[in-house]
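Pasting my_file.tsv here (TSV, C-alpha atoms and all ligand atoms):
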```
chain	number	residue	atom	x	y	z
A	1	GLN	CA	-23.35	8.94	14.04
A	2	LEU	CA	-22.76	9.72	17.70
A	3	ASN	CA	-23.01	6.10	18.73
A	4	THR	CA	-20.64	4.87	16.08
A	5	PRO	CA	-17.48	3.52	17.71
A	6	ASP	CA	-14.16	4.89	16.46
A	7	LEU	CA	-12.66	2.07	14.45
A	8	TYR	CA	-9.10	2.68	15.57
A	9	GLN	CA	-10.21	2.63	19.21
A	10	VAL	CA	-11.96	-0.68	18.69
A	11	TYR	CA	-8.66	-2.05	17.42
A	12	LYS	CA	-6.32	-0.40	19.91
A	13	ASN	CA	-5.24	-3.73	21.38
A	14	PHE	CA	-4.76	-5.29	17.96
A	15	PHE	CA	-3.19	-3.03	15.33
A	16	THR	CA	-3.38	0.51	13.96
A	17	ILE	CA	-6.06	1.29	11.38
A	18	GLY	CA	-4.95	3.22	8.34
A	19	ALA	CA	-6.32	4.90	5.23
A	20	ALA	CA	-4.65	5.93	2.00
A	21	VAL	CA	-5.39	9.55	1.15
A	22	ASN	CA	-4.71	12.14	-1.52
A	23	SER	CA	-4.90	15.91	-1.21
A	24	LYS	CA	-8.60	15.86	-2.14
A	25	THR	CA	-9.74	13.22	0.35
A	26	LEU	CA	-7.50	14.64	3.07
A	27	GLU	CA	-9.71	17.70	2.82
A	28	SER	CA	-13.15	16.21	1.98
A	29	GLU	CA	-12.96	13.27	4.43
A	30	LYS	CA	-11.13	15.09	7.21
A	31	GLU	CA	-13.66	14.35	9.95
A	32	LEU	CA	-14.05	10.70	9.00
A	33	LEU	CA	-10.27	10.29	8.95
A	34	LYS	CA	-9.89	11.84	12.38
A	35	LYS	CA	-12.63	9.71	13.88
A	36	HIS	CA	-11.73	6.29	12.57
A	37	TYR	CA	-8.11	6.13	11.50
A	38	ASN	CA	-4.79	6.47	13.31
A	39	SER	CA	-2.42	5.85	10.41
A	40	LEU	CA	-2.21	7.50	6.98
A	41	THR	CA	-0.51	6.67	3.70
A	42	ALA	CA	-0.21	8.88	0.62
A	43	GLU	CA	-2.02	7.09	-2.19
A	44	ASN	CA	0.13	8.68	-4.90
A	45	GLU	CA	1.78	11.84	-3.74
A	46	MET	CA	4.94	10.32	-2.31
A	47	LYS	CA	5.74	8.21	-5.34
A	48	PHE	CA	8.94	8.95	-7.22
A	49	GLU	CA	7.52	10.93	-10.16
A	50	LEU	CA	5.52	13.17	-7.85
A	51	LEU	CA	8.27	13.81	-5.30
A	52	GLN	CA	11.07	14.32	-7.80
A	53	PRO	CA	9.56	15.20	-11.18
A	54	GLU	CA	12.85	16.66	-12.36
A	55	GLN	CA	16.29	15.68	-11.24
A	56	GLY	CA	17.15	17.37	-7.96
A	57	ASN	CA	13.88	19.28	-7.98
A	58	PHE	CA	11.81	17.85	-5.17
A	59	ASN	CA	8.19	18.75	-4.58
A	60	PHE	CA	7.27	18.10	-0.98
A	61	ALA	CA	4.22	20.35	-0.73
A	62	ASN	CA	1.55	17.63	-0.63
A	63	ALA	CA	3.62	15.29	1.51
A	64	ASP	CA	4.25	18.10	4.00
A	65	LYS	CA	0.50	18.71	4.26
A	66	LEU	CA	-0.11	15.06	4.97
A	67	VAL	CA	2.60	14.98	7.62
A	68	ALA	CA	1.23	18.14	9.27
A	69	PHE	CA	-2.31	16.71	9.33
A	70	ALA	CA	-1.10	13.44	10.84
A	71	ASN	CA	0.92	15.26	13.50
A	72	GLU	CA	-1.95	17.56	14.44
A	73	ASN	CA	-4.21	14.57	14.90
A	74	ASN	CA	-1.83	12.10	16.51
A	75	MET	CA	-1.80	9.76	13.58
A	76	LYS	CA	1.03	7.55	12.43
A	77	LEU	CA	2.42	7.62	8.89
A	78	ARG	CA	3.34	4.85	6.46
A	79	GLY	CA	5.61	5.88	3.61
A	80	HIS	CA	4.70	4.69	0.10
A	81	THR	CA	6.85	4.04	-1.94
A	82	LEU	CA	10.53	4.49	-2.77
A	83	VAL	CA	11.44	1.99	-5.49
A	84	TRP	CA	8.74	0.81	-7.89
A	85	HIS	CA	8.54	0.05	-11.62
A	86	ASN	CA	5.53	2.34	-11.94
A	87	GLN	CA	5.09	6.11	-11.46
A	88	THR	CA	8.78	6.78	-11.91
A	89	THR	CA	9.97	9.42	-14.34
A	90	GLU	CA	11.65	9.34	-17.73
A	91	TRP	CA	14.70	11.27	-16.63
A	92	LEU	CA	15.55	8.78	-13.90
A	93	PHE	CA	16.79	6.11	-16.26
A	94	GLN	CA	18.28	8.44	-18.88
A	95	ASN	CA	21.42	10.42	-19.49
A	96	PRO	CA	21.01	13.99	-20.79
A	97	ASP	CA	21.60	12.68	-24.34
A	98	GLY	CA	18.74	10.21	-24.00
A	99	THR	CA	20.84	7.06	-23.66
A	100	GLN	CA	20.21	4.73	-20.75
A	101	VAL	CA	22.19	5.35	-17.56
A	102	ASN	CA	24.56	2.75	-16.18
A	103	ARG	CA	24.35	0.88	-12.88
A	104	GLU	CA	26.52	3.36	-10.95
A	105	ILE	CA	24.50	6.38	-11.97
A	106	LEU	CA	21.17	4.73	-11.24
A	107	LEU	CA	22.39	3.60	-7.83
A	108	GLN	CA	23.51	7.15	-7.09
A	109	ARG	CA	20.11	8.48	-8.11
A	110	MET	CA	18.38	5.88	-5.99
A	111	GLU	CA	20.48	6.79	-2.98
A	112	GLU	CA	19.97	10.51	-3.56
A	113	HIS	CA	16.20	10.09	-3.72
A	114	ILE	CA	15.95	7.83	-0.69
A	115	SER	CA	18.31	9.85	1.49
A	116	THR	CA	16.58	13.13	0.58
A	117	VAL	CA	13.06	11.84	1.26
A	118	LEU	CA	13.84	9.86	4.39
A	119	GLY	CA	16.21	12.55	5.61
A	120	ARG	CA	13.48	15.18	5.40
A	121	TYR	CA	10.97	13.05	7.28
A	122	LYS	CA	13.34	11.25	9.61
A	123	GLY	CA	11.50	9.83	12.60
A	124	GLN	CA	8.08	10.81	11.18
A	125	PHE	CA	7.18	7.68	9.27
A	126	TYR	CA	7.05	4.51	11.34
A	127	SER	CA	7.31	2.35	8.25
A	128	TRP	CA	8.25	2.62	4.61
A	129	ASP	CA	7.39	0.55	1.57
A	130	VAL	CA	10.97	0.57	0.37
A	131	VAL	CA	10.47	-1.71	-2.61
A	132	ASN	CA	7.06	-2.23	-4.16
A	133	GLU	CA	5.93	-5.08	-6.44
A	134	ALA	CA	9.30	-6.39	-7.57
A	135	ILE	CA	8.10	-9.99	-7.87
A	136	SER	CA	6.69	-11.28	-11.14
A	137	ASP	CA	3.07	-12.38	-11.49
A	138	ASP	CA	4.22	-14.87	-14.08
A	139	ASP	CA	5.10	-18.30	-12.72
A	140	SER	CA	7.92	-18.73	-15.21
A	141	GLU	CA	9.74	-15.71	-13.82
A	142	TYR	CA	11.06	-14.71	-10.39
A	143	LEU	CA	11.54	-10.93	-10.47
A	144	ARG	CA	9.34	-8.55	-12.47
A	145	LYS	CA	11.00	-7.00	-15.53
A	146	SER	CA	11.80	-3.36	-14.84
A	147	LYS	CA	14.37	-0.71	-15.56
A	148	TRP	CA	15.64	-1.03	-12.00
A	149	LEU	CA	16.30	-4.72	-12.54
A	150	ASP	CA	17.67	-4.28	-16.07
A	151	ILE	CA	20.13	-1.56	-15.22
A	152	ILE	CA	21.21	-2.41	-11.66
A	153	GLY	CA	20.63	-6.16	-11.48
A	154	GLU	CA	18.91	-8.20	-8.77
A	155	ASP	CA	20.66	-6.38	-5.93
A	156	PHE	CA	18.67	-3.19	-6.62
A	157	ILE	CA	16.34	-4.47	-3.93
A	158	ALA	CA	19.00	-4.98	-1.27
A	159	LYS	CA	20.56	-1.61	-2.13
A	160	ALA	CA	17.26	0.21	-1.66
A	161	PHE	CA	16.86	-1.26	1.82
A	162	GLU	CA	20.44	-0.38	2.73
A	163	PHE	CA	20.03	3.24	1.61
A	164	ALA	CA	16.74	3.53	3.50
A	165	HIS	CA	18.22	2.10	6.67
A	166	GLN	CA	21.15	4.51	6.52
A	167	ALA	CA	18.80	7.46	6.07
A	168	ASP	CA	16.34	6.57	8.86
A	169	PRO	CA	17.69	3.79	11.08
A	170	ASN	CA	14.55	3.65	13.24
A	171	ALA	CA	11.98	3.19	10.48
A	172	SER	CA	10.55	-0.27	9.82
A	173	LEU	CA	11.36	-1.17	6.26
A	174	PHE	CA	8.88	-3.18	4.19
A	175	TYR	CA	8.73	-5.18	1.02
A	176	ASN	CA	5.17	-4.62	-0.31
A	177	ASP	CA	3.26	-6.62	-2.94
A	178	TYR	CA	-0.15	-7.73	-4.26
A	179	ASN	CA	-1.44	-11.22	-5.10
A	180	GLU	CA	0.46	-11.90	-1.93
A	181	SER	CA	-1.91	-14.74	-1.04
A	182	HIS	CA	-1.65	-16.65	-4.34
A	183	PRO	CA	0.35	-19.79	-3.58
A	184	ASN	CA	3.03	-19.41	-6.27
A	185	LYS	CA	3.58	-15.71	-5.89
A	186	ARG	CA	3.58	-16.16	-2.13
A	187	GLU	CA	6.53	-18.53	-2.48
A	188	ARG	CA	8.41	-16.09	-4.69
A	189	ILE	CA	7.86	-13.28	-2.19
A	190	TYR	CA	8.96	-15.60	0.61
A	191	ARG	CA	12.08	-16.51	-1.32
A	192	LEU	CA	12.97	-12.85	-1.87
A	193	VAL	CA	12.48	-11.79	1.73
A	194	LYS	CA	14.34	-14.84	3.02
A	195	SER	CA	17.26	-14.17	0.71
A	196	LEU	CA	17.45	-10.58	1.96
A	197	LEU	CA	17.36	-11.68	5.59
A	198	ASP	CA	20.01	-14.33	4.91
A	199	LYS	CA	22.27	-11.55	3.60
A	200	ASP	CA	21.56	-9.37	6.66
A	201	VAL	CA	19.81	-6.75	4.55
A	202	PRO	CA	17.84	-4.39	6.86
A	203	ILE	CA	14.29	-5.49	6.06
A	204	HIS	CA	11.71	-5.61	8.85
A	205	GLY	CA	8.39	-6.43	7.31
A	206	VAL	CA	6.22	-7.70	4.51
A	207	GLY	CA	3.29	-5.61	3.30
A	208	LEU	CA	0.31	-7.60	2.08
A	209	GLN	CA	-1.55	-5.17	-0.16
A	210	ALA	CA	-4.85	-7.08	0.14
A	211	HIS	CA	-6.55	-5.91	-3.04
A	212	TRP	CA	-9.19	-8.57	-2.58
A	213	ASN	CA	-12.75	-9.11	-3.70
A	214	VAL	CA	-15.96	-10.70	-2.49
A	215	HIS	CA	-14.83	-14.13	-3.78
A	216	ASP	CA	-11.05	-14.19	-3.81
A	217	PRO	CA	-8.68	-15.05	-2.31
A	218	SER	CA	-9.74	-17.87	-0.01
A	219	LEU	CA	-9.24	-17.59	3.73
A	220	ASP	CA	-6.97	-20.62	3.57
A	221	ASP	CA	-4.69	-18.87	1.11
A	222	ILE	CA	-4.64	-15.74	3.26
A	223	ARG	CA	-3.78	-17.72	6.37
A	224	ALA	CA	-1.09	-19.62	4.51
A	225	ALA	CA	0.47	-16.36	3.32
A	226	ILE	CA	0.40	-14.79	6.80
A	227	GLU	CA	1.98	-17.87	8.36
A	228	ARG	CA	4.60	-18.27	5.68
A	229	TYR	CA	5.81	-14.66	5.89
A	230	ALA	CA	5.55	-14.60	9.68
A	231	SER	CA	7.75	-17.69	9.85
A	232	LEU	CA	10.60	-15.42	8.72
A	233	GLY	CA	10.28	-13.48	11.98
A	234	VAL	CA	9.32	-10.20	10.28
A	235	GLN	CA	6.28	-8.04	11.05
A	236	LEU	CA	3.33	-7.93	8.69
A	237	GLN	CA	1.08	-5.07	7.67
A	238	ILE	CA	-2.03	-5.11	5.54
A	239	THR	CA	-1.12	-2.10	3.44
A	240	GLU	CA	-3.73	-1.41	0.71
A	241	MET	CA	-6.90	-3.22	1.60
A	242	ASP	CA	-10.05	-3.02	-0.48
A	243	VAL	CA	-12.74	-5.62	-1.07
A	244	SER	CA	-14.08	-5.18	-4.57
A	245	MET	CA	-17.73	-6.02	-5.19
A	246	PHE	CA	-16.73	-7.81	-8.38
A	247	SER	CA	-14.74	-10.98	-8.84
A	248	TRP	CA	-11.87	-10.64	-11.27
A	249	ASP	CA	-13.67	-12.03	-14.33
A	250	ASP	CA	-16.90	-10.13	-13.64
A	251	ARG	CA	-16.82	-7.25	-16.13
A	252	ARG	CA	-20.30	-5.84	-15.48
A	253	ALA	CA	-20.30	-2.07	-15.65
A	254	ASP	CA	-23.95	-1.06	-15.40
A	255	LEU	CA	-24.51	-0.72	-11.67
A	256	THR	CA	-24.89	2.72	-10.15
A	257	GLN	CA	-25.44	1.36	-6.63
A	258	PRO	CA	-24.34	-1.88	-4.97
A	259	THR	CA	-27.14	-4.44	-4.55
A	260	GLU	CA	-28.27	-5.60	-1.09
A	261	GLU	CA	-26.79	-8.97	-1.87
A	262	MET	CA	-23.40	-7.44	-2.70
A	263	LEU	CA	-23.41	-5.43	0.53
A	264	HIS	CA	-24.15	-8.55	2.61
A	265	LEU	CA	-21.54	-10.60	0.87
A	266	GLN	CA	-18.94	-7.91	1.33
A	267	ALA	CA	-19.81	-7.64	5.02
A	268	GLU	CA	-19.42	-11.38	5.38
A	269	ARG	CA	-15.99	-11.20	3.78
A	270	TYR	CA	-14.83	-8.23	5.88
A	271	ASP	CA	-15.95	-10.10	8.97
A	272	GLN	CA	-13.94	-13.17	7.96
A	273	PHE	CA	-10.83	-11.17	7.02
A	274	PHE	CA	-10.78	-9.21	10.25
A	275	ARG	CA	-11.28	-12.37	12.31
A	276	VAL	CA	-8.12	-13.69	10.70
A	277	PHE	CA	-6.25	-10.41	11.27
A	278	ARG	CA	-7.25	-10.38	14.94
A	279	GLU	CA	-6.12	-13.95	15.32
A	280	TYR	CA	-2.68	-12.94	14.04
A	281	LYS	CA	-2.43	-9.70	15.99
A	282	GLU	CA	1.02	-10.67	17.31
A	283	VAL	CA	2.47	-10.37	13.81
A	284	ILE	CA	0.13	-7.85	12.15
A	285	SER	CA	0.89	-4.31	13.30
A	286	ASN	CA	-1.32	-2.28	10.94
A	287	VAL	CA	-4.31	-2.67	8.64
A	288	THR	CA	-4.61	0.11	6.04
A	289	PHE	CA	-7.52	0.58	3.64
A	290	TRP	CA	-6.62	1.95	0.21
A	291	GLY	CA	-9.05	4.84	0.65
A	292	ALA	CA	-11.19	6.45	3.36
A	293	ASN	CA	-14.69	5.63	2.09
A	294	ASP	CA	-16.59	4.71	-1.07
A	295	SER	CA	-16.70	8.30	-2.34
A	296	TYR	CA	-13.36	7.65	-4.00
A	297	THR	CA	-11.48	4.51	-4.96
A	298	TRP	CA	-8.95	3.73	-7.69
A	299	LEU	CA	-11.16	0.68	-8.42
A	300	ASN	CA	-13.79	2.97	-9.97
A	301	ASP	CA	-11.90	2.60	-13.21
A	302	PHE	CA	-10.22	-0.73	-12.80
A	303	PRO	CA	-10.24	-3.13	-14.55
A	304	VAL	CA	-13.31	-1.75	-16.33
A	305	ARG	CA	-13.07	1.90	-17.27
A	306	GLY	CA	-15.88	4.00	-15.84
A	307	ARG	CA	-17.22	1.24	-13.59
A	308	LYS	CA	-18.09	2.18	-10.03
A	309	ASN	CA	-17.05	0.10	-7.06
A	310	TRP	CA	-17.73	0.26	-3.31
A	311	PRO	CA	-14.81	-1.51	-1.66
A	312	PHE	CA	-14.66	0.08	1.81
A	313	VAL	CA	-16.52	-0.15	5.11
A	314	PHE	CA	-17.91	3.40	4.88
A	315	GLY	CA	-20.34	4.42	2.12
A	316	GLU	CA	-20.03	7.33	-0.29
A	317	ASN	CA	-21.42	9.72	2.30
A	318	GLY	CA	-19.19	8.31	5.04
A	319	VAL	CA	-22.04	6.40	6.66
A	320	PRO	CA	-20.96	3.03	8.11
A	321	LYS	CA	-22.02	0.06	5.98
A	322	GLU	CA	-22.89	-3.40	7.22
A	323	SER	CA	-19.20	-4.18	6.60
A	324	PHE	CA	-18.26	-1.60	9.22
A	325	TRP	CA	-20.55	-3.04	11.89
A	326	ARG	CA	-19.25	-6.53	11.28
A	327	ILE	CA	-15.65	-5.50	11.94
A	328	ALA	CA	-16.44	-3.01	14.70
A	329	LYS	CA	-18.60	-5.32	16.84
A	330	PHE	CA	-17.27	-8.79	17.48
A	401	LIG	O1	-2.84	13.29	-11.66
A	401	LIG	C1	-3.20	12.95	-13.00
A	401	LIG	C2	-4.11	13.97	-13.59
A	401	LIG	O2	-3.43	15.17	-13.69
A	401	LIG	C3	-4.59	13.47	-14.95
A	401	LIG	O3	-5.52	14.36	-15.48
A	401	LIG	C4	-5.23	12.10	-14.83
A	401	LIG	C5	-5.66	11.54	-16.18
A	401	LIG	O4	-5.62	10.13	-16.19
A	401	LIG	O5	-4.31	11.23	-14.26
A	401	LIG	C6	-3.90	11.60	-12.97
A	401	LIG	O6	-2.98	10.66	-12.49
A	401	LIG	C7	-3.53	9.42	-12.10
A	401	LIG	C8	-3.18	9.19	-10.63
A	401	LIG	O7	-3.58	7.90	-10.24
A	401	LIG	C9	-3.86	10.21	-9.70
A	401	LIG	O8	-5.24	10.07	-9.77
A	401	LIG	C10	-2.91	8.33	-12.95
A	401	LIG	O9	-3.36	8.46	-14.29
A	401	LIG	C11	-3.29	6.98	-12.42
A	401	LIG	O10	-2.55	5.99	-13.13
A	401	LIG	C12	-2.93	6.88	-10.95
A	401	LIG	O11	-3.36	5.63	-10.49
A	401	LIG	C13	-2.82	5.22	-9.25
A	401	LIG	C14	-2.08	3.91	-9.45
A	401	LIG	O12	-1.58	3.46	-8.21
A	401	LIG	C15	-0.92	4.05	-10.44
A	401	LIG	O13	-0.31	2.86	-10.63
A	401	LIG	C16	-3.93	5.04	-8.25
A	401	LIG	O14	-4.54	6.30	-7.97
A	401	LIG	C17	-3.39	4.42	-6.97
A	401	LIG	O15	-4.46	4.07	-6.12
A	401	LIG	C18	-2.62	3.16	-7.30
A	401	LIG	O16	-2.09	2.61	-6.13
A	401	LIG	C19	-1.39	1.39	-6.26
A	401	LIG	C20	-0.31	1.36	-5.22
A	401	LIG	O17	0.50	2.50	-5.30
A	401	LIG	C21	0.56	0.11	-5.34
A	401	LIG	N1	-0.27	-1.09	-5.31
A	401	LIG	C22	-1.41	-1.11	-6.23
A	401	LIG	C23	-2.27	0.14	-6.04
A	401	LIG	C24	-3.50	0.08	-6.92
A	401	LIG	O18	-3.15	0.06	-8.28
```
With the file now loaded, output its structure as structure tokens.
Amino acid sequence: QLNTPDLYQVYKNFFTIGAAVNSKTLESEKELLKKHYNSLTAENEMKFELLQPEQGNFNFANADKLVAFANENNMKLRGHTLVWHNQTTEWLFQNPDGTQVNREILLQRMEEHISTVLGRYKGQFYSWDVVNEAISDDDSEYLRKSKWLDIIGEDFIAKAFEFAHQADPNASLFYNDYNESHPNKRERIYRLVKSLLDKDVPIHGVGLQAHWNVHDPSLDDIRAAIERYASLGVQLQITEMDVSMFSWDDRRADLTQPTEEMLHLQAERYDQFFRVFREYKEVISNVTFWGANDSYTWLNDFPVRGRKNWPFVFGENGVPKESFWRIAKF
């Protein structure tokens, strides 16, 4: 692999290249990470329930390891994620007697969590996904139903950004979501970010998760999303990219290896996506893959339990796939 270009070097005049990692892949894919990536995100280990499993009892061990690895290797860090409906803990929304907390208490807990986490890592993370996936996927609804929304009300989003900005004034603060290129959801995300900017809430970017597949979304929808969000004057990052081998309604589960045809199609798609990203390099500051290589991906079990998937540009053994060559040579 001596002649393989370092992906982040190839993109040095465009944007940083990131990977999501967990404590296993940080160890097993160490060399691949060092060679190709210059930005890291914790796939799970900096989510609420893992950082603060019990009230006031923070567990920073895995996050500290990630930060140390990034510092040793001159990599940047994206923080993921502070306020989300998922991977939170029971205690957060409850009083000791099991009843639901009120708005004031939940706001206090939100502030406590954000100021503790961002305070500890002040200046270390160049961007944070402050609020994740707060927009509904359902066209008849604006915001997703969640305990945060129920208990605090719609301004839970603005409050999270304000607390984050107080705790680390130099970090770029992001709203992050998926299905970001679907026309209707795109407009809801746009509406949210615009309303925050109109109220002078400190928000600096939109994260497009980019959980895409070999057929969807269309390039036109991706371009439309990039242009729409960029028109707000915020920066964009591609935060969780993977290109599934299966379209959404394809529920096959019998493949143990990707077919040649799948590999070509995926390479074609990666080529197209990265052409678009390069075209918008003025607004896109980072592209992060939601894993380091095909040896591990959350898609292995989603949406079909036990099904394997191969969504990245490096194969299971870390060897560059056709997808890699298409984005590394242009
Ligand atoms: O750690 C436990 C383990 O102890 C237990 O034995 C095992 C049994 O299921 O579960 C393990 O936890 C799992 C965790 O990943 C770590 O592997 C959870 O069940 C599983 O739900 C969790 O999934 C994560 C998912 O977020 C949760 O919603 C995925 O790894 C992670 O890739 C995924 O990431 C999200 C982003 O944060 C937000 N955007 C969408 C993206 C993909 O869903």
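Between atom CA of A:Val243 and atom CA of A:Leu208 the separation is 13.6 Å.
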>> With all atoms listed in the file as the counted atoms, please give the residues lying no more than 12 Å from A:Trp310, apart from itself and same-chain residues fewer than 4 positions off, as an MDAnalysis selection string.
In response: chainID A and resid 213:214 242:246 255:259 262:263 266:267 290:301 314:318 321 323
> From the set A:Ile17, A:Ile114, A:Leu50, A:Val234, which residue has the shortest atom-to-atom contact distance to A:Met75, counting all atoms listed in the file?
Replying inline: A:Ile17
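Distances here use all atoms listed in the file; by that measure, the residue among A:Tyr178, A:Phe324, A:Phe156, A:Tyr8 closest to ligand LIG 401 (chain A) is A:Tyr178.
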Would you list the residues that come within 9 Å of ligand LIG 401 (chain A)? Count all atoms listed in the file and give the answer as a PDB file with C-alpha atoms, in the frame of the given file.
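Saved as result-v7.pdb:
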```
ATOM      1  CA  ALA A  20      -4.650   5.930   2.000  1.00  0.00           C
ATOM      2  CA  ASN A  22      -4.710  12.140  -1.520  1.00  0.00           C
ATOM      3  CA  ALA A  42      -0.210   8.880   0.620  1.00  0.00           C
ATOM      4  CA  GLU A  43      -2.020   7.090  -2.190  1.00  0.00           C
ATOM      5  CA  ASN A  44       0.130   8.680  -4.900  1.00  0.00           C
ATOM      6  CA  GLU A  45       1.780  11.840  -3.740  1.00  0.00           C
ATOM      7  CA  LYS A  47       5.740   8.210  -5.340  1.00  0.00           C
ATOM      8  CA  HIS A  80       4.700   4.690   0.100  1.00  0.00           C
ATOM      9  CA  THR A  81       6.850   4.040  -1.940  1.00  0.00           C
ATOM     10  CA  TRP A  84       8.740   0.810  -7.890  1.00  0.00           C
ATOM     11  CA  ASN A  86       5.530   2.340 -11.940  1.00  0.00           C
ATOM     12  CA  GLN A  87       5.090   6.110 -11.460  1.00  0.00           C
ATOM     13  CA  ASN A 132       7.060  -2.230  -4.160  1.00  0.00           C
ATOM     14  CA  GLU A 133       5.930  -5.080  -6.440  1.00  0.00           C
ATOM     15  CA  ASN A 176       5.170  -4.620  -0.310  1.00  0.00           C
ATOM     16  CA  ASP A 177       3.260  -6.620  -2.940  1.00  0.00           C
ATOM     17  CA  TYR A 178      -0.150  -7.730  -4.260  1.00  0.00           C
ATOM     18  CA  GLN A 209      -1.550  -5.170  -0.160  1.00  0.00           C
ATOM     19  CA  HIS A 211      -6.550  -5.910  -3.040  1.00  0.00           C
ATOM     20  CA  THR A 239      -1.120  -2.100   3.440  1.00  0.00           C
ATOM     21  CA  GLU A 240      -3.730  -1.410   0.710  1.00  0.00           C
ATOM     22  CA  TRP A 290      -6.620   1.950   0.210  1.00  0.00           C
ATOM     23  CA  GLY A 291      -9.050   4.840   0.650  1.00  0.00           C
ATOM     24  CA  THR A 297     -11.480   4.510  -4.960  1.00  0.00           C
ATOM     25  CA  TRP A 298      -8.950   3.730  -7.690  1.00  0.00           C
ATOM     26  CA  LEU A 299     -11.160   0.680  -8.420  1.00  0.00           C
ATOM     27  CA  PHE A 302     -10.220  -0.730 -12.800  1.00  0.00           C
TER      28      PHE A 302
END
```
>> Taking (22.4, -0.1, -9.5) as a centre in this file's frame and 10 Å as the limit, can you find every polymer residue with an atom that close, using only C-alpha atoms, and give them as a ChimeraX atom specification?
In response: /A:101-111,148-157,159-160
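Separating atom CA of A:Thr89 from atom CA of A:Glu54 is a distance of 8.0 Å.
Between atom CA of A:Asp220 and atom CA of A:Ser247 the separation is 17.5 Å.
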>> My list of candidates is A:Val319, A:Val117, A:Leu197, A:Leu219. Which is closest to A:His36 when distances are computed with all atoms listed in the file?
In response: A:Val319
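Of the residues listed (A:Ala158, A:Ala225, A:Leu173, A:Leu51), A:Leu51 shows the shortest atom-to-atom separation from A:His113; distances use all atoms listed in the file.
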>> Calculated over only C-alpha atoms, which of the candidates A:Asp97, A:Thr116, A:Arg188, A:Ser39 has the smallest distance to A:Asp137?
In response: A:Arg188
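Distances here use all atoms listed in the file; by that measure, the residue among A:Thr88, A:Arg278, A:Pro217, A:Val283 closest to A:Val10 is A:Arg278.
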Give me, as a PDB file with C-alpha atoms, in the coordinates of the input, all polymer residues having an atom no more than 12 Å from A:Gly119, counting only C-alpha atoms and skipping those fewer than 2 positions away in the same chain.
```
ATOM      1  CA  GLU A 111      20.480   6.790  -2.980  1.00  0.00           C
ATOM      2  CA  GLU A 112      19.970  10.510  -3.560  1.00  0.00           C
ATOM      3  CA  HIS A 113      16.200  10.090  -3.720  1.00  0.00           C
ATOM      4  CA  ILE A 114      15.950   7.830  -0.690  1.00  0.00           C
ATOM      5  CA  SER A 115      18.310   9.850   1.490  1.00  0.00           C
ATOM      6  CA  THR A 116      16.580  13.130   0.580  1.00  0.00           C
ATOM      7  CA  VAL A 117      13.060  11.840   1.260  1.00  0.00           C
ATOM      8  CA  TYR A 121      10.970  13.050   7.280  1.00  0.00           C
ATOM      9  CA  LYS A 122      13.340  11.250   9.610  1.00  0.00           C
ATOM     10  CA  GLY A 123      11.500   9.830  12.600  1.00  0.00           C
ATOM     11  CA  GLN A 124       8.080  10.810  11.180  1.00  0.00           C
ATOM     12  CA  PHE A 125       7.180   7.680   9.270  1.00  0.00           C
ATOM     13  CA  PHE A 163      20.030   3.240   1.610  1.00  0.00           C
ATOM     14  CA  ALA A 164      16.740   3.530   3.500  1.00  0.00           C
ATOM     15  CA  HIS A 165      18.220   2.100   6.670  1.00  0.00           C
ATOM     16  CA  GLN A 166      21.150   4.510   6.520  1.00  0.00           C
ATOM     17  CA  ALA A 167      18.800   7.460   6.070  1.00  0.00           C
ATOM     18  CA  ASP A 168      16.340   6.570   8.860  1.00  0.00           C
ATOM     19  CA  PRO A 169      17.690   3.790  11.080  1.00  0.00           C
ATOM     20  CA  ASN A 170      14.550   3.650  13.240  1.00  0.00           C
ATOM     21  CA  ALA A 171      11.980   3.190  10.480  1.00  0.00           C
TER      22      ALA A 171
END
```
Return the padded bounding box of stretch 11-17 of chain A as JSON: axis-aligned, built from all atoms listed in the file, 4 Å added on each side, with centre and edge lengths in Å to one decimal.
```
{"center_x": -5.9, "center_y": -2.0, "center_z": 16.4, "size_x": 13.5, "size_y": 14.6, "size_z": 18.0}
```
> Contacts of A:Leu7 at 10 Å or less, counting all atoms listed in the file, minus same-chain residues fewer than 3 places along, as a ChimeraX atom specification?
Replying inline: /A:4,10-12,16-18,35-38,324-325,327-329
